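S.K.: coords_18.txt is reproduced in full below (compact mmCIF, C-alpha atoms).
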# COMPACT_ATOMS: atom_id res chain seq x y z
CA MET A 261 0.00 0.00 0.00
CA SER A 262 1.34 3.43 -0.94
CA MET A 263 1.85 5.94 1.88
CA TRP A 264 -0.48 8.30 -0.01
CA GLU A 265 -3.36 5.89 0.50
CA TYR A 266 -3.22 6.60 4.22
CA ALA A 267 -4.25 10.15 3.36
CA ASN A 268 -7.61 8.81 2.26
CA PRO A 269 -10.11 10.22 4.80
CA LYS A 270 -11.65 6.81 5.56
CA LEU A 271 -8.28 5.13 6.12
CA PHE A 272 -7.03 8.12 8.10
CA MET A 273 -10.01 7.92 10.45
CA GLY A 274 -9.43 4.20 10.80
CA TRP A 275 -5.76 4.13 11.77
CA THR A 276 -5.84 7.27 13.92
CA LYS A 277 -8.67 6.01 16.14
CA PRO A 278 -6.49 3.54 18.13
CA VAL A 279 -3.39 5.76 17.91
CA LEU A 280 -5.07 8.84 19.42
CA PRO A 281 -5.60 7.64 23.04
CA TRP A 282 -2.08 6.21 23.20
CA SER A 283 -0.65 9.52 21.98
CA PHE A 284 -2.48 11.45 24.69
CA ALA A 285 -1.51 8.92 27.34
CA LEU A 286 2.19 8.95 26.43
CA ALA A 287 2.16 12.76 26.19
CA GLY A 288 0.63 13.00 29.66
CA VAL A 289 3.19 10.63 31.17
CA CYS A 290 6.14 12.45 29.58
CA LEU A 291 4.85 15.89 30.58
CA VAL A 292 4.16 14.91 34.18
CA VAL A 293 7.49 13.12 34.59
CA GLY A 294 9.50 15.81 32.80
CA LEU A 295 7.93 18.82 34.51
CA VAL A 296 7.96 17.30 38.01
CA TRP A 297 11.54 16.12 37.51
CA GLY A 298 12.63 19.47 36.12
CA PHE A 299 10.85 21.78 38.58
CA PHE A 300 11.32 19.82 41.81
CA PHE A 301 14.34 17.54 41.40
CA THR A 302 16.91 19.71 39.65
CA PRO A 303 19.16 22.26 41.38
CA ASP A 304 19.09 26.01 40.87
CA ASP A 305 21.54 27.37 38.33
CA PHE A 306 24.58 29.12 39.80
CA ARG A 307 23.83 32.25 37.73
CA GLN A 308 20.10 32.23 37.02
CA GLY A 309 18.88 30.59 40.21
CA SER A 310 15.47 28.94 40.08
CA THR A 311 14.54 31.07 37.03
CA VAL A 312 16.35 28.57 34.83
CA LYS A 313 13.55 26.06 35.39
CA ILE A 314 11.35 28.00 32.98
CA ILE A 315 13.44 26.17 30.38
CA TYR A 316 11.17 23.12 30.75
CA LEU A 317 8.25 25.09 29.33
CA HIS A 318 9.97 27.69 27.18
CA VAL A 319 12.31 25.54 25.10
CA PRO A 320 9.80 22.76 24.20
CA SER A 321 7.04 25.27 23.38
CA ALA A 322 9.36 27.40 21.23
CA LEU A 323 10.65 24.31 19.47
CA MET A 324 7.14 23.07 18.71
CA ALA A 325 5.91 26.53 17.66
CA ILE A 326 8.49 26.53 14.87
CA ASN A 327 8.13 22.85 13.97
CA ALA A 328 4.35 23.13 13.89
CA TRP A 329 4.65 25.74 11.15
CA ILE A 330 7.13 23.53 9.28
CA MET A 331 4.65 20.64 9.53
CA MET A 332 1.95 22.96 8.14
CA LEU A 333 4.30 23.88 5.28
CA VAL A 334 4.91 20.23 4.38
CA ALA A 335 1.18 19.45 4.55
CA SER A 336 0.41 22.53 2.42
CA LEU A 337 2.95 21.52 -0.21
CA ILE A 338 1.42 18.04 -0.33
CA TRP A 339 -1.95 19.67 -0.91
CA VAL A 340 -0.60 21.85 -3.72
CA ILE A 341 1.23 18.95 -5.42
CA ARG A 342 -0.98 15.95 -4.68
CA ARG A 343 -4.35 17.60 -3.85
CA HIS A 344 -4.88 15.36 -0.82
CA HIS A 345 -7.63 16.95 1.22
CA VAL A 346 -6.46 15.37 4.49
CA SER A 347 -3.12 17.17 4.19
CA ALA A 348 -4.84 20.55 3.85
CA LEU A 349 -7.11 19.75 6.79
CA ALA A 350 -4.11 18.63 8.86
CA ALA A 351 -2.38 21.95 8.18
CA ARG A 352 -5.53 23.79 9.22
CA ALA A 353 -5.81 21.62 12.35
CA ALA A 354 -2.21 22.31 13.36
CA ALA A 355 -2.48 26.12 13.23
CA PRO A 356 -4.40 26.71 16.51
CA VAL A 357 -2.09 24.26 18.29
CA GLY A 358 0.94 26.08 16.93
CA VAL A 359 -0.37 29.48 17.93
CA VAL A 360 -0.87 28.29 21.52
CA PHE A 361 2.70 26.97 21.64
CA THR A 362 3.92 30.29 20.26
CA LEU A 363 2.02 32.19 22.96
CA ILE A 364 3.48 29.96 25.67
CA ALA A 365 6.97 30.54 24.28
CA LEU A 366 6.52 34.33 24.13
CA PHE A 367 5.00 34.48 27.62
CA THR A 368 7.58 32.26 29.31
CA GLY A 369 10.36 33.99 27.41
CA GLY A 370 9.23 37.33 28.85
CA ILE A 371 9.17 35.91 32.37
CA TRP A 372 12.62 34.43 31.88
CA GLY A 373 14.00 37.54 30.23
CA GLN A 374 12.95 40.05 32.89
CA PRO A 375 15.44 38.98 35.62
CA MET A 376 18.13 38.17 33.05
CA TRP A 377 17.85 41.23 30.78
CA GLY A 378 16.00 43.66 33.04
CA THR A 379 13.02 43.80 30.67
CA TYR A 380 10.18 41.55 29.57
CA TRP A 381 10.67 42.40 25.91
CA ALA A 382 13.48 43.54 23.64
CA TRP A 383 13.49 43.95 19.88
CA ASP A 384 16.00 41.15 19.60
CA PRO A 385 16.20 39.47 16.14
CA ARG A 386 14.90 36.12 17.38
CA LEU A 387 12.17 37.63 19.56
CA THR A 388 11.01 39.92 16.76
CA SER A 389 10.91 37.15 14.15
CA PHE A 390 9.05 34.95 16.64
CA LEU A 391 6.45 37.67 17.17
CA ILE A 392 6.01 37.99 13.41
CA LEU A 393 5.59 34.21 13.21
CA PHE A 394 2.79 34.52 15.80
CA LEU A 395 1.08 37.11 13.59
CA PHE A 396 1.40 34.79 10.62
CA TYR A 397 -0.33 32.08 12.63
CA LEU A 398 -3.21 34.47 13.33
CA GLY A 399 -3.37 35.49 9.67
CA TYR A 400 -3.37 31.86 8.56
CA ILE A 401 -6.29 30.99 10.85
CA ALA A 402 -8.19 34.12 9.82
CA LEU A 403 -7.70 33.35 6.11
CA TRP A 404 -9.17 29.87 6.51
CA GLU A 405 -12.20 31.36 8.25
CA ALA A 406 -12.65 34.19 5.74
CA ILE A 407 -12.89 32.06 2.56
CA GLU A 408 -15.99 29.97 2.08
CA ASP A 409 -14.72 27.57 -0.57
CA PRO A 410 -12.41 25.07 1.21
CA ASP A 411 -10.22 24.33 -1.83
CA THR A 412 -9.63 28.02 -2.50
CA ALA A 413 -8.88 28.55 1.18
CA ALA A 414 -6.40 25.66 1.11
CA ASP A 415 -4.65 27.15 -1.94
CA LEU A 416 -4.31 30.64 -0.46
CA THR A 417 -3.29 29.47 3.00
CA SER A 418 -0.63 27.27 1.38
CA VAL A 419 0.90 30.38 -0.20
CA LEU A 420 0.74 32.21 3.14
CA CYS A 421 2.36 29.23 4.84
CA LEU A 422 5.23 29.31 2.36
CA VAL A 423 5.83 33.02 3.04
CA GLY A 424 5.57 32.56 6.80
CA SER A 425 8.15 29.77 6.68
CA VAL A 426 10.82 32.43 6.15
CA PHE A 427 10.09 33.72 9.65
CA ALA A 428 9.96 30.19 11.06
CA ILE A 429 13.52 29.74 9.79
CA LEU A 430 14.56 33.16 11.09
CA SER A 431 13.12 32.31 14.50
CA ARG A 432 15.28 29.20 14.63
CA TYR A 433 18.53 30.66 13.29
CA ALA A 434 18.33 34.38 14.05
CA VAL A 435 21.11 34.16 16.64
CA LEU A 436 23.39 32.72 13.96
CA PHE A 437 22.39 35.30 11.32
CA TRP A 438 23.02 38.34 13.55
CA ASN A 439 25.67 38.76 16.22
CA GLN A 440 23.70 41.43 18.03
CA GLY A 441 20.78 40.52 20.26
CA LEU A 442 20.15 39.48 23.83
CA HIS A 443 18.83 36.01 23.17
CA GLN A 444 21.29 33.21 23.78
CA GLY A 445 22.23 30.55 21.25
CA ALA A 446 20.74 27.09 20.99
CA THR A 447 20.15 25.29 24.29
CA LEU A 448 20.32 21.88 22.61
CA SER A 449 22.92 20.76 20.10
CA LEU A 450 24.12 17.57 18.48
CA ASP A 451 27.54 18.69 19.67
CA LYS A 452 27.65 17.36 23.23
CA GLU A 453 30.05 20.10 24.33
CA GLU A 454 27.45 22.81 23.63
CA ASN A 455 24.59 21.24 25.56
CA ILE A 456 23.46 22.26 29.01
CA SER A 457 24.45 20.20 32.03
CA ASP A 458 23.07 16.65 32.16
CA VAL A 459 21.12 17.46 35.30
CA PHE A 460 18.99 19.85 33.22
CA TRP A 461 19.41 18.04 29.89
CA PHE A 462 17.63 14.77 30.65
CA PRO A 463 14.38 16.17 32.13
CA LEU A 464 14.33 18.70 29.28
CA LEU A 465 14.44 15.88 26.73
CA VAL A 466 11.50 14.21 28.50
CA CYS A 467 9.55 17.50 28.37
CA ILE A 468 10.31 17.92 24.67
CA ALA A 469 9.08 14.37 24.02
CA GLY A 470 5.89 15.24 25.91
CA PHE A 471 5.31 18.38 23.86
CA VAL A 472 5.94 16.50 20.60
CA LEU A 473 3.49 13.74 21.55
CA LEU A 474 0.94 16.31 22.71
CA PHE A 475 1.23 18.13 19.39
CA VAL A 476 0.77 14.88 17.45
CA ALA A 477 -2.26 13.91 19.55
CA LEU A 478 -3.91 17.33 19.22
CA VAL A 479 -3.32 17.53 15.48
CA LEU A 480 -4.71 14.03 14.93
CA MET A 481 -7.76 14.85 17.03
CA ARG A 482 -8.38 18.18 15.30
CA THR A 483 -7.82 16.67 11.83
CA ARG A 484 -10.43 14.01 12.58
CA THR A 485 -12.79 16.82 13.62
CA GLU A 486 -12.06 18.73 10.40
CA ILE A 487 -12.82 15.62 8.32
CA ARG A 488 -16.16 15.17 10.10
CA ALA A 489 -16.99 18.84 9.61
CA ARG A 490 -16.17 18.57 5.89
CA ARG A 491 -18.46 15.55 5.58
CA ILE A 492 -21.27 17.42 7.32
CA ARG A 493 -20.88 20.40 4.97
CA ALA A 494 -20.94 18.05 1.97
CA LEU A 495 -24.14 16.39 3.22
CA GLU A 496 -25.76 19.78 3.85
CA ALA A 497 -24.84 20.97 0.35
CA ARG A 498 -26.26 17.76 -1.15
CA ALA A 499 -29.48 18.20 0.84
CA ARG A 500 -29.89 21.78 -0.42
CA ARG A 501 -29.52 20.64 -4.03
CA ALA A 502 -32.06 17.83 -3.56
Go through the file and emit its structure as structure tokens.

M.R.:
Amino acid sequence: MSMWEYANPKLFMGWTKPVLPWSFALAGVCLVVGLVWGFFFTPDDFRQGSTVKIIYLHVPSALMAINAWIMMLVASLIWVIRRHHVSALAARAAAPVGVVFTLIALFTGGIWGQPMWGTYWAWDPRLTSFLILFLFYLGYIALWEAIEDPDTAADLTSVLCLVGSVFAILSRYAVLFWNQGLHQGATLSLDKEENISDVFWFPLLVCIAGFVLLFVALVLMRTRTEIRARRIRALEARARRA
């Protein structure tokens, strides 16, 4: 069976039904373990004190805010190339989840930044590009709601997603593009020497796994809801023509 066949709405509804509860369960376990471990069983940082523990919310949410948009981009490109309706609905389903992650990242970043920088907000390259990414999320959601024809909405939001991906990339690599700015470099790296201490590293990885699983579970659930809503609209349109 081709992987594209799993994008068939009927097959998608079938295989996601048993996967969904397991995704939520694993996400819950990882989040509880990671957050409890990180907040209550790790020491204070010698410079930042207990403030460093915001990392267990800020880093995973910021990571998923960017990756959610990248997932939307991939799904949108699949729609443009293959015209699979499930991919367009999955992109639409991911947007509200991504915007919540972006809000969490901006909010926790402000809390973390105030004692470190002396201000809740600075027009730092990464912060600014992240704010613009948040606005793109809002615009993407608004565009879906503003256009009545779903295929036209999917086409236009795909273009918007492509443009917004520039800011998703800037949000990830802004510290590397510009030397100026208050925001630190990457907390996690494939280079072991650049990572944070293991005492913070391991619970952070568990939290990231929890956020990833939560994102997957929420997107699957919302995509299933979008498919049902599309079916209802199709039945209503058929009834009006009858």

S.K.: Which residue, A:Gly378, A:Ser347, A:Leu416, A:Phe475, has the smallest gap to Leu280 of chain A when you use all atoms listed in the file?

M.R.: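 Among A:Gly378, A:Ser347, A:Leu416, A:Phe475, it is A:Phe475 that comes nearest to Leu280 of chain A.
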
S.K.: With all atoms listed in the file as the basis for distance, which of A:Ala406, A:Ala350, A:Ile392, A:Ile341 is at the shortest distance from Gly424 of chain A?

M.R.: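 Answer, going by the shortest atom-to-atom distance: A:Ile392.
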
S.K.: My list of candidates is A:Ala497, A:Val346, A:Ile315, A:Thr368. Which is closest to Lys270 of chain A when distances are computed with only C-alpha atoms?

M.R.: A:Val346

S.K.: Which residues, written as JSON, numbers by chain, have at least one atom at most 8 Å from Leu464 of chain A, with all atoms listed in the file counted and residues fewer than 6 positions away on the same chain left out?

M.R.: {"A": [294, 298, 315, 316, 320]}

S.K.: Could you work out how far atom CA of Leu387 of chain A lies from atom CA of Gln374 of chain A, giving the answer in Å with one decimal?

M.R.: 13.6 Å

S.K.: From the list A:Ala365, A:Leu271, A:Ile371, A:Val312, which residue is nearest Phe299 of chain A when using all atoms listed in the file?

M.R.: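 Looking at the shortest contact to Phe299 of chain A, the residue is A:Val312.
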
S.K.: What is the distance, in Å and to one decimal place, between atom CA of Arg352 of chain A and atom CA of Arg500 of chain A?

M.R.: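 That distance, rounded to one decimal, is 26.3 Å.
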
S.K.: Using only C-alpha atoms, which residue out of A:Leu495, A:Leu295, A:Ile364, A:Ala355 lies closest to Ala469 of chain A?

M.R.: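 For Ala469 of chain A, the nearest of the given residues is A:Leu295.
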
S.K.: Name the residues within 12 Å of (-8.7, 15.5, 13.0), counting only C-alpha atoms in the file's coordinates, and put them as a ChimeraX atom specification.

M.R.: /A:267,269-270,272-277,280,345-354,476-490

S.K.: As an exercise, work out the distance from atom CA of Phe390 of chain A to atom CA of Leu363 of chain A in Å and give it to one decimal place.

M.R.: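 So the answer is 9.8 Å.
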
S.K.: Using all atoms listed in the file, pick whichever of A:Gly399, A:Gly370, A:Pro385, A:Pro463 has the shortest atom-to-atom distance to Phe301 of chain A.

M.R.: A:Pro463

S.K.: Work out where the centre of an axis-aligned box around every listed atom of segment 347-362 of chain A lies and how long its edges are once 3 Å is added on each side; give both in Å to one decimal as AutoDock Vina command-line options.

M.R.:
--center_x -1.6 --center_y 23.7 --center_z 12.7 --size_x 17.0 --size_y 19.1 --size_z 23.8

S.K.: As JSON, numbers by chain, please: the residues near Val319 of chain A (cut-off 12 Å, only C-alpha atoms, same-chain neighbours under 2 positions excluded).

M.R.: {"A": [312, 313, 314, 315, 316, 317, 321, 322, 323, 324, 325, 326, 361, 362, 364, 365, 366, 367, 368, 369, 372, 432, 444, 445, 446, 447, 448, 460, 461, 463, 464, 465, 466, 467, 468, 469, 471, 472]}

S.K.: Within 10 Å of Leu333 of chain A, counting only C-alpha atoms, which residues show up once you throw out same-chain ones fewer than 4 positions away? Write them as a PyMOL selection string, please.

M.R.: chain A and resi 327-329+337-339+348+351+417-425
